[in-house]
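Next up, structure-v3.cif (mmCIF, C-alpha atoms):
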data_query
loop_
_atom_site.label_atom_id
_atom_site.label_comp_id
_atom_site.auth_asym_id
_atom_site.auth_seq_id
_atom_site.Cartn_x
_atom_site.Cartn_y
_atom_site.Cartn_z
CA MET A 1081 125.04 4.89 -161.60
CA THR A 1082 128.81 4.75 -161.39
CA CYS A 1083 128.93 4.46 -157.60
CA LEU A 1084 128.48 0.70 -157.56
CA ALA A 1085 130.87 0.25 -160.46
CA ASP A 1086 133.51 2.22 -158.56
CA LEU A 1087 132.81 0.32 -155.36
CA PHE A 1088 132.98 -3.15 -156.90
CA SER A 1089 136.01 -2.27 -159.03
CA GLN A 1090 137.81 -1.43 -155.79
CA ILE A 1091 136.81 -4.82 -154.40
CA SER A 1092 137.96 -6.66 -157.54
CA SER A 1093 141.29 -4.85 -157.51
CA GLN A 1094 142.08 -6.20 -154.06
CA LYS A 1095 144.10 -9.38 -153.69
CA LYS A 1096 141.30 -10.98 -151.70
CA LYS A 1097 138.16 -11.36 -153.82
CA THR A 1098 135.89 -11.74 -150.82
CA GLY A 1099 135.38 -9.66 -147.73
CA VAL A 1100 133.06 -7.14 -146.16
CA ILE A 1101 132.28 -3.48 -146.67
CA ALA A 1102 130.97 -1.21 -143.94
CA PRO A 1103 127.28 -0.45 -144.64
CA LYS A 1104 127.82 3.27 -143.98
CA ARG A 1105 130.54 3.39 -146.61
CA PHE A 1106 128.31 1.57 -149.07
CA VAL A 1107 125.43 4.01 -148.47
CA GLN A 1108 127.76 6.99 -148.81
CA ARG A 1109 128.89 5.75 -152.21
CA LEU A 1110 125.31 5.17 -153.23
CA LYS A 1111 124.18 8.67 -152.21
CA LYS A 1112 127.16 10.30 -153.89
CA GLN A 1113 126.15 9.22 -157.38
CA ASN A 1114 122.41 8.61 -157.08
CA GLU A 1115 120.36 11.53 -155.82
CA LEU A 1116 117.33 9.30 -155.32
CA PHE A 1117 118.94 7.99 -152.14
CA ARG A 1118 120.17 11.33 -150.78
CA SER A 1119 116.91 12.41 -149.17
CA TYR A 1120 115.21 11.07 -146.08
CA MET A 1121 112.22 9.86 -148.11
CA HIS A 1122 111.03 6.30 -147.56
CA GLN A 1123 112.63 3.91 -150.09
CA ASP A 1124 111.17 0.50 -150.88
CA ALA A 1125 113.47 -2.38 -149.90
CA HIS A 1126 112.27 -4.64 -152.74
CA GLU A 1127 112.87 -1.97 -155.38
CA PHE A 1128 116.33 -1.38 -153.93
CA LEU A 1129 117.11 -5.11 -153.99
CA ASN A 1130 116.16 -5.33 -157.68
CA TYR A 1131 118.15 -2.19 -158.46
CA LEU A 1132 121.21 -3.51 -156.63
CA LEU A 1133 121.18 -6.97 -158.24
CA ASN A 1134 120.55 -5.62 -161.75
CA GLU A 1135 123.25 -2.98 -161.35
CA VAL A 1136 125.78 -5.57 -160.19
CA VAL A 1137 124.86 -7.81 -163.14
CA ASP A 1138 125.39 -4.90 -165.58
CA ILE A 1139 128.81 -4.19 -164.04
CA LEU A 1140 129.90 -7.83 -164.19
CA GLU A 1141 128.66 -8.25 -167.78
CA LYS A 1142 130.57 -5.15 -168.91
CA GLU A 1143 133.71 -6.41 -167.19
CA ALA A 1144 133.35 -9.83 -168.81
CA LYS A 1145 132.86 -8.32 -172.28
CA ALA A 1146 135.80 -5.96 -171.79
CA THR A 1147 138.02 -8.86 -170.73
CA LYS A 1148 136.85 -10.94 -173.69
CA THR A 1149 137.52 -8.07 -176.12
CA GLU A 1150 140.94 -7.47 -174.62
CA HIS A 1151 141.77 -11.17 -174.95
CA LYS A 1152 140.71 -11.22 -178.61
CA THR A 1153 142.73 -8.08 -179.35
CA SER A 1154 145.85 -9.50 -177.75
CA SER A 1155 145.55 -12.75 -179.73
CA SER A 1156 146.74 -12.52 -183.33
CA PRO A 1157 144.97 -14.59 -186.04
CA GLU A 1158 148.03 -16.86 -186.37
CA LYS A 1159 147.73 -17.95 -182.75
CA ILE A 1160 144.09 -19.00 -182.98
CA ALA A 1161 143.82 -22.80 -183.15
CA ASN A 1162 141.45 -23.07 -186.11
CA GLY A 1163 142.57 -19.95 -187.91
CA PRO A 1164 140.93 -16.52 -188.03
CA LYS A 1165 137.23 -16.54 -187.24
CA ALA A 1166 134.79 -14.53 -189.32
CA PRO A 1167 132.61 -12.04 -187.47
CA LEU A 1168 129.16 -13.22 -186.47
CA ALA A 1169 126.43 -12.45 -188.98
CA ASN A 1170 123.46 -10.31 -188.00
CA GLY A 1171 120.80 -12.23 -186.14
CA VAL A 1172 123.16 -14.83 -184.66
CA HIS A 1173 122.33 -15.40 -181.00
CA LYS A 1174 125.14 -14.74 -178.56
CA GLU A 1175 125.26 -16.69 -175.33
CA PRO A 1176 124.42 -14.41 -172.37
CA VAL A 1177 127.04 -13.80 -169.72
CA VAL A 1178 126.35 -15.87 -166.60
CA THR A 1179 127.54 -14.05 -163.48
CA TRP A 1180 127.73 -15.12 -159.84
CA VAL A 1181 124.50 -13.19 -159.29
CA HIS A 1182 122.76 -15.54 -161.73
CA ASN A 1183 124.38 -18.60 -160.14
CA ILE A 1184 123.13 -17.58 -156.70
CA PHE A 1185 119.73 -15.94 -157.25
CA GLN A 1186 118.41 -16.85 -160.70
CA GLY A 1187 115.70 -19.43 -161.24
CA ILE A 1188 113.54 -20.33 -164.23
CA LEU A 1189 109.75 -20.22 -164.46
CA THR A 1190 107.80 -22.03 -167.14
CA ASN A 1191 104.50 -20.56 -168.30
CA GLU A 1192 102.28 -23.37 -169.58
CA THR A 1193 99.17 -22.61 -171.65
CA ARG A 1194 96.85 -25.41 -172.74
CA CYS A 1195 94.34 -24.79 -175.53
CA LEU A 1196 90.93 -26.12 -174.45
CA ARG A 1197 90.00 -26.92 -178.05
CA CYS A 1198 92.97 -28.92 -179.35
CA GLU A 1199 94.67 -29.65 -175.98
CA THR A 1200 98.01 -28.37 -177.30
CA VAL A 1201 100.32 -27.17 -174.52
CA THR A 1202 102.55 -24.18 -175.19
CA ALA A 1203 105.42 -23.56 -172.75
CA ARG A 1204 107.44 -20.35 -172.40
CA ASP A 1205 110.36 -20.01 -170.01
CA GLU A 1206 111.42 -16.86 -168.18
CA THR A 1207 114.10 -16.15 -165.60
CA PHE A 1208 113.59 -14.56 -162.19
CA LEU A 1209 115.75 -13.26 -159.35
CA ASP A 1210 112.89 -13.15 -156.83
CA LEU A 1211 109.25 -14.20 -156.59
CA SER A 1212 106.60 -11.60 -155.75
CA LEU A 1213 103.62 -13.27 -154.11
CA ASP A 1214 100.10 -11.97 -153.51
CA ILE A 1215 99.08 -12.47 -149.88
CA GLU A 1216 95.85 -13.16 -148.02
CA GLN A 1217 94.86 -12.83 -144.38
CA ASN A 1218 95.85 -15.73 -142.11
CA SER A 1219 97.69 -17.60 -144.83
CA SER A 1220 101.16 -19.11 -145.29
CA ILE A 1221 104.02 -19.01 -147.76
CA THR A 1222 103.04 -22.49 -148.92
CA SER A 1223 99.49 -21.40 -149.75
CA CYS A 1224 100.80 -18.23 -151.45
CA LEU A 1225 103.08 -20.35 -153.64
CA LYS A 1226 100.16 -22.64 -154.53
CA ASN A 1227 98.09 -19.62 -155.55
CA PHE A 1228 101.04 -18.35 -157.59
CA SER A 1229 100.96 -21.61 -159.58
CA SER A 1230 97.19 -22.05 -159.66
CA THR A 1231 95.42 -22.66 -162.97
CA GLU A 1232 93.83 -19.61 -164.60
CA THR A 1233 91.20 -19.86 -167.34
CA LEU A 1234 91.60 -17.46 -170.26
CA HIS A 1235 88.27 -16.56 -171.86
CA SER A 1236 86.21 -13.69 -173.26
CA GLU A 1237 88.59 -10.81 -174.04
CA ASP A 1238 91.55 -12.72 -172.60
CA LYS A 1239 91.43 -15.65 -175.03
CA PHE A 1240 94.70 -17.26 -176.08
CA PHE A 1241 95.84 -17.31 -179.73
CA CYS A 1242 96.54 -20.97 -180.49
CA ASP A 1243 99.07 -21.49 -183.28
CA LYS A 1244 97.64 -24.92 -184.07
CA CYS A 1245 94.03 -23.71 -184.27
CA CYS A 1246 95.17 -20.43 -185.87
CA SER A 1247 92.55 -18.56 -183.86
CA LEU A 1248 91.70 -17.21 -180.42
CA GLN A 1249 90.62 -19.97 -178.08
CA GLU A 1250 89.76 -20.48 -174.44
CA ALA A 1251 92.75 -21.86 -172.58
CA GLN A 1252 94.13 -22.75 -169.18
CA LYS A 1253 97.31 -21.11 -167.96
CA ARG A 1254 99.59 -21.90 -165.04
CA MET A 1255 103.06 -20.96 -163.82
CA LYS A 1256 105.52 -23.50 -162.39
CA ILE A 1257 109.12 -23.35 -161.23
CA LYS A 1258 111.20 -25.14 -163.86
CA LYS A 1259 114.53 -24.57 -162.13
CA PRO A 1260 114.65 -23.37 -158.50
CA PRO A 1261 117.45 -20.97 -157.52
CA HIS A 1262 120.10 -21.66 -154.91
CA ILE A 1263 118.90 -18.65 -152.91
CA LEU A 1264 115.13 -18.22 -153.12
CA VAL A 1265 114.05 -14.62 -152.51
CA ILE A 1266 110.34 -14.21 -151.76
CA HIS A 1267 108.77 -10.74 -151.81
CA LEU A 1268 105.40 -10.45 -150.07
CA LYS A 1269 103.14 -7.91 -151.78
CA ARG A 1270 102.22 -5.95 -148.66
CA PHE A 1271 101.53 -2.71 -150.53
CA LYS A 1272 98.37 -2.75 -152.63
CA TYR A 1273 96.64 0.00 -154.59
CA MET A 1274 93.06 0.42 -153.32
CA GLU A 1275 90.68 1.76 -155.97
CA GLN A 1276 88.15 3.02 -153.42
CA LEU A 1277 90.84 4.93 -151.53
CA GLY A 1278 92.75 6.14 -154.57
CA ARG A 1279 96.07 5.28 -152.94
CA TYR A 1280 98.32 2.45 -151.77
CA LYS A 1281 97.65 0.69 -148.50
CA LYS A 1282 99.85 -1.60 -146.43
CA LEU A 1283 98.43 -5.08 -145.88
CA SER A 1284 99.30 -6.16 -142.36
CA TYR A 1285 98.04 -9.70 -143.05
CA ARG A 1286 99.40 -12.55 -140.98
CA VAL A 1287 101.45 -14.72 -143.36
CA VAL A 1288 103.31 -17.62 -141.74
CA PHE A 1289 106.78 -18.21 -143.17
CA PRO A 1290 108.36 -21.47 -141.93
CA LEU A 1291 111.99 -21.96 -141.01
CA GLU A 1292 112.05 -24.94 -143.40
CA LEU A 1293 110.23 -24.62 -146.73
CA LYS A 1294 109.48 -27.33 -149.28
CA LEU A 1295 108.71 -26.26 -152.85
CA SER A 1296 106.00 -28.39 -154.42
CA ASN A 1297 105.08 -26.28 -157.48
CA THR A 1298 108.18 -27.36 -159.40
CA VAL A 1299 108.85 -29.28 -162.60
CA GLU A 1300 110.66 -32.65 -162.56
CA PRO A 1301 113.31 -33.46 -161.41
CA TYR A 1302 113.08 -30.71 -158.77
CA THR A 1303 110.11 -32.18 -156.89
CA ASP A 1304 109.96 -31.09 -153.25
CA VAL A 1305 113.13 -28.98 -153.12
CA GLU A 1306 113.86 -28.04 -149.51
CA TYR A 1307 114.96 -24.60 -148.31
CA SER A 1308 116.04 -23.11 -145.01
CA LEU A 1309 115.21 -19.55 -143.94
CA PHE A 1310 118.30 -17.47 -143.16
CA ALA A 1311 117.21 -13.82 -143.47
CA VAL A 1312 114.10 -11.63 -143.26
CA VAL A 1313 113.66 -7.98 -144.16
CA VAL A 1314 110.94 -6.51 -141.93
CA HIS A 1315 108.89 -3.40 -142.69
CA VAL A 1316 108.00 -1.40 -139.59
CA GLY A 1317 105.12 1.03 -139.98
CA SER A 1318 101.41 1.24 -140.75
CA GLY A 1319 101.60 2.76 -144.23
CA PRO A 1320 103.51 2.52 -147.53
CA ASN A 1321 104.89 6.08 -147.55
CA HIS A 1322 106.68 6.02 -144.24
CA GLY A 1323 108.25 3.55 -141.86
CA HIS A 1324 111.49 1.78 -141.14
CA TYR A 1325 113.30 -1.42 -142.11
CA VAL A 1326 114.98 -3.89 -139.79
CA SER A 1327 116.34 -7.33 -140.59
CA LEU A 1328 116.78 -10.76 -139.05
CA VAL A 1329 119.79 -12.81 -140.11
CA LYS A 1330 120.81 -16.32 -139.11
CA SER A 1331 124.56 -16.60 -138.56
CA HIS A 1332 126.39 -19.61 -137.08
CA ASN A 1333 123.06 -21.10 -135.96
CA HIS A 1334 122.09 -17.94 -134.07
CA TRP A 1335 119.49 -15.37 -135.08
CA LEU A 1336 120.58 -11.72 -135.02
CA PHE A 1337 118.32 -8.66 -135.06
CA PHE A 1338 119.67 -5.66 -137.00
CA ASP A 1339 118.21 -2.18 -136.44
CA ASP A 1340 120.56 0.39 -137.99
CA GLU A 1341 123.72 0.31 -135.87
CA ASN A 1342 122.08 -1.77 -133.13
CA VAL A 1343 122.59 -5.54 -133.28
CA GLU A 1344 121.32 -8.06 -130.76
CA MET A 1345 120.87 -11.81 -130.52
CA ILE A 1346 117.31 -13.11 -130.44
CA GLU A 1347 115.68 -16.49 -129.89
CA GLU A 1348 114.64 -18.43 -132.96
CA SER A 1349 111.04 -18.37 -131.74
CA ALA A 1350 111.08 -14.55 -131.99
CA VAL A 1351 110.92 -14.88 -135.79
CA GLN A 1352 107.22 -15.72 -135.41
CA THR A 1353 106.47 -12.22 -134.11
CA PHE A 1354 107.04 -10.88 -137.63
CA PHE A 1355 104.42 -13.03 -139.38
CA GLY A 1356 101.94 -10.14 -139.38
CA SER A 1357 98.67 -9.25 -137.69
CA SER A 1358 95.63 -11.53 -137.54
CA GLN A 1359 93.41 -8.46 -137.24
CA GLU A 1360 93.27 -5.47 -139.59
CA TYR A 1361 93.91 -2.93 -136.86
CA SER A 1362 96.71 -3.92 -134.53
CA SER A 1363 99.46 -2.22 -132.54
CA ASN A 1364 101.93 -4.61 -134.17
CA THR A 1365 103.32 -2.97 -137.32
CA ASP A 1366 106.45 -5.15 -137.72
CA HIS A 1367 105.78 -7.43 -140.68
CA GLY A 1368 107.97 -9.75 -142.74
CA TYR A 1369 108.43 -8.26 -146.22
CA ILE A 1370 111.30 -10.03 -148.02
CA LEU A 1371 112.35 -13.59 -147.17
CA PHE A 1372 115.64 -15.26 -148.05
CA TYR A 1373 115.76 -19.07 -148.23
CA GLU A 1374 118.83 -21.18 -148.99
CA SER A 1375 118.56 -24.51 -150.77
CA LEU A 1376 119.45 -27.56 -148.69
CA GLY A 1377 120.13 -29.68 -151.77
CA PRO A 1378 121.35 -29.42 -155.39
CA THR A 1379 119.42 -27.08 -157.72
CA LYS A 1380 121.52 -27.56 -160.85
#

Could you spell out this file's structure in structure tokens?
Amino acid sequence: MTCLADLFSQISSQKKKTGVIAPKRFVQRLKKQNELFRSYMHQDAHEFLNYLLNEVVDILEKEAKATKTEHKTSSSPEKIANGPKAPLANGVHKEPVVTWVHNIFQGILTNETRCLRCETVTARDETFLDLSLDIEQNSSITSCLKNFSSTETLHSEDKFFCDKCCSLQEAQKRMKIKKPPHILVIHLKRFKYMEQLGRYKKLSYRVVFPLELKLSNTVEPYTDVEYSLFAVVVHVGSGPNHGHYVSLVKSHNHWLFFDDENVEMIEESAVQTFFGSSQEYSSNTDHGYILFYESLGPTK
């Protein structure tokens, strides 16, 4: 996957570190090195987003390590303030490289498990770049987030091994947002595998996503963090194996509708038409799929 490395190295070599790249040029670079994107087959926007962010992170981490190695090589032991430093022993933890991708998109989830016998709470943290939420008919993002953080009881074959009890025990488990990201990316799980059909099906459920969102399933001190919607990726089509993607983007307080090379201004109220369908069979196949929210306050 050298296409993105080549592309971003060209950007970094320019005097101006910020700017824009024509989408067609970006896609051409992508197709040149990755055959997966050369065909006209339907590609999932969420998978592409994860691929893009992870690939950029890999590139930035390699650049940071290369720069660090080059700096160490150029510095002789006599010039180091506290003298030559011995190499790190095996097993010593190295601090991970924090890139601008992490600063913008990364949040932290905490997985809390409470043993129902001894009441001991075990917490495990994990990072995320987006949240994938299960959806239900005629629901909202707020209710989906509540379900995401709802308490689950672990019993029978799913019992939790409690270190204090030294045995498998029934427990309660829940997920909360320990540190919200600056840009909150929400992926709605619209494609579900149906056992009775033996294939994936698109869920056209109506899921209301507000222009202003308040996170309530967070850990102190991030209670009720507020976000503002600024972009929506919309899946157009009735099934998971075919369709089209369009996007809505808020720029300078105006909403723009992007459909390939066609761009037009739309009313803010038009965003509601992409909530989904209140009935299973509907002529409306334009449904919100990935939502981008920007924090209105500090998240550090």

TODO: Have a look at A:Thr1298, A:Glu1292, A:Leu1129, A:Lys1282 and name the one nearest to Leu1225 of chain A; count all atoms listed in the file.
DONE: A:Thr1298

TODO: Expand the PyMOL selection byres ((chain A and resi 1212-1220) around 7) into the individual residues it matches in the shown file, reporting them as an MDAnalysis selection string.
DONE: chainID A and resid 1210:1211 1221:1224 1228 1266:1269 1285:1289 1358

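Shortest separation to Met1255 of chain A among A:Leu1110, A:Leu1189, A:Met1274, A:Val1136 occurs at residue A:Leu1189, atoms counted being all atoms listed in the file.
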
- [ ] Name the residues that the PyMOL selection byres ((chain A and resi 1192) around 8) pulls out of this structure, and write them as a list of chain:residue names.
- [x] A:Thr1190, A:Asn1191, A:Thr1193, A:Arg1194, A:Val1201, A:Thr1202, A:Ala1203, A:Arg1204, A:Lys1253, A:Arg1254, A:Met1255, A:Lys1256

Open item on the list: Please compute the atom CA of Ile1188 of chain A-atom CA of Val1299 of chain A distance, one decimal, in Å.
Closed with: 10.2 Å

Task: Nearest to Phe1240 of chain A, chosen from A:Lys1226, A:Arg1279, A:Arg1197, A:His1262, with only C-alpha atoms counted in the distances - done: A:Arg1197

TODO: Name the closest residue to Ala1251 of chain A among the candidates A:Leu1264, A:Leu1196, A:Leu1293, A:Leu1133; distances are taken between atoms, counting only C-alpha atoms.
DONE: A:Leu1196

Ground truth for the PyMOL selection byres ((chain A and resi 1271) around 7), written as a compact mmCIF listing (two decimals) with C-alpha atoms, in the coordinates of the input:
# COMPACT_ATOMS: atom_id res chain seq x y z
CA LYS A 1269 103.14 -7.91 -151.78
CA ARG A 1270 102.22 -5.95 -148.66
CA LYS A 1272 98.37 -2.75 -152.63
CA TYR A 1273 96.64 0.00 -154.59
CA TYR A 1280 98.32 2.45 -151.77
CA LYS A 1281 97.65 0.69 -148.50
CA LYS A 1282 99.85 -1.60 -146.43
CA LEU A 1283 98.43 -5.08 -145.88
CA PRO A 1320 103.51 2.52 -147.53

Find the residues near segment 1374-1378 of chain A: any atom within 6 Å, counting only C-alpha atoms, skip ones fewer than 3 places away on the same chain, and give them as a short mmCIF file (atom, residue, chain, number, x, y, z; two decimals) with C-alpha atoms, in the frame of the given file.
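File part-v9.cif, as written:
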data_model
loop_
_atom_site.label_atom_id
_atom_site.label_comp_id
_atom_site.auth_asym_id
_atom_site.auth_seq_id
_atom_site.Cartn_x
_atom_site.Cartn_y
_atom_site.Cartn_z
CA HIS A 1262 120.10 -21.66 -154.91
CA ILE A 1263 118.90 -18.65 -152.91
CA GLU A 1306 113.86 -28.04 -149.51
CA TYR A 1307 114.96 -24.60 -148.31
CA SER A 1308 116.04 -23.11 -145.01
#

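The two atoms in question, atom CA of Tyr1369 of chain A and atom CA of Val1314 of chain A, are spaced 5.3 Å apart.
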
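Every protein, DNA or RNA residue with an atom at most 10 Å from Ser1236 of chain A, where only C-alpha atoms count and chain neighbours fewer than 3 positions away do not, is listed here: A:Thr1233, A:Lys1239, A:Phe1240, A:Leu1248, A:Gln1249, A:Glu1250.
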
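Reported to one decimal place, the separation of atom CA of Val1326 of chain A from atom CA of Asp1339 of chain A is 5.0 Å.
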
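Closest to Cys1195 of chain A among A:Phe1241, A:Phe1208, A:Phe1337, A:Trp1180 is A:Phe1241, based on all atoms listed in the file.
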
Task: Shell of 8 Å around Val1329 of chain A, all atoms listed in the file, local chain residues under 6 positions omitted, as a list of chain:residue names - done: A:Phe1310, A:Ala1311, A:Val1312, A:Trp1335, A:Leu1336, A:Phe1337, A:Phe1338
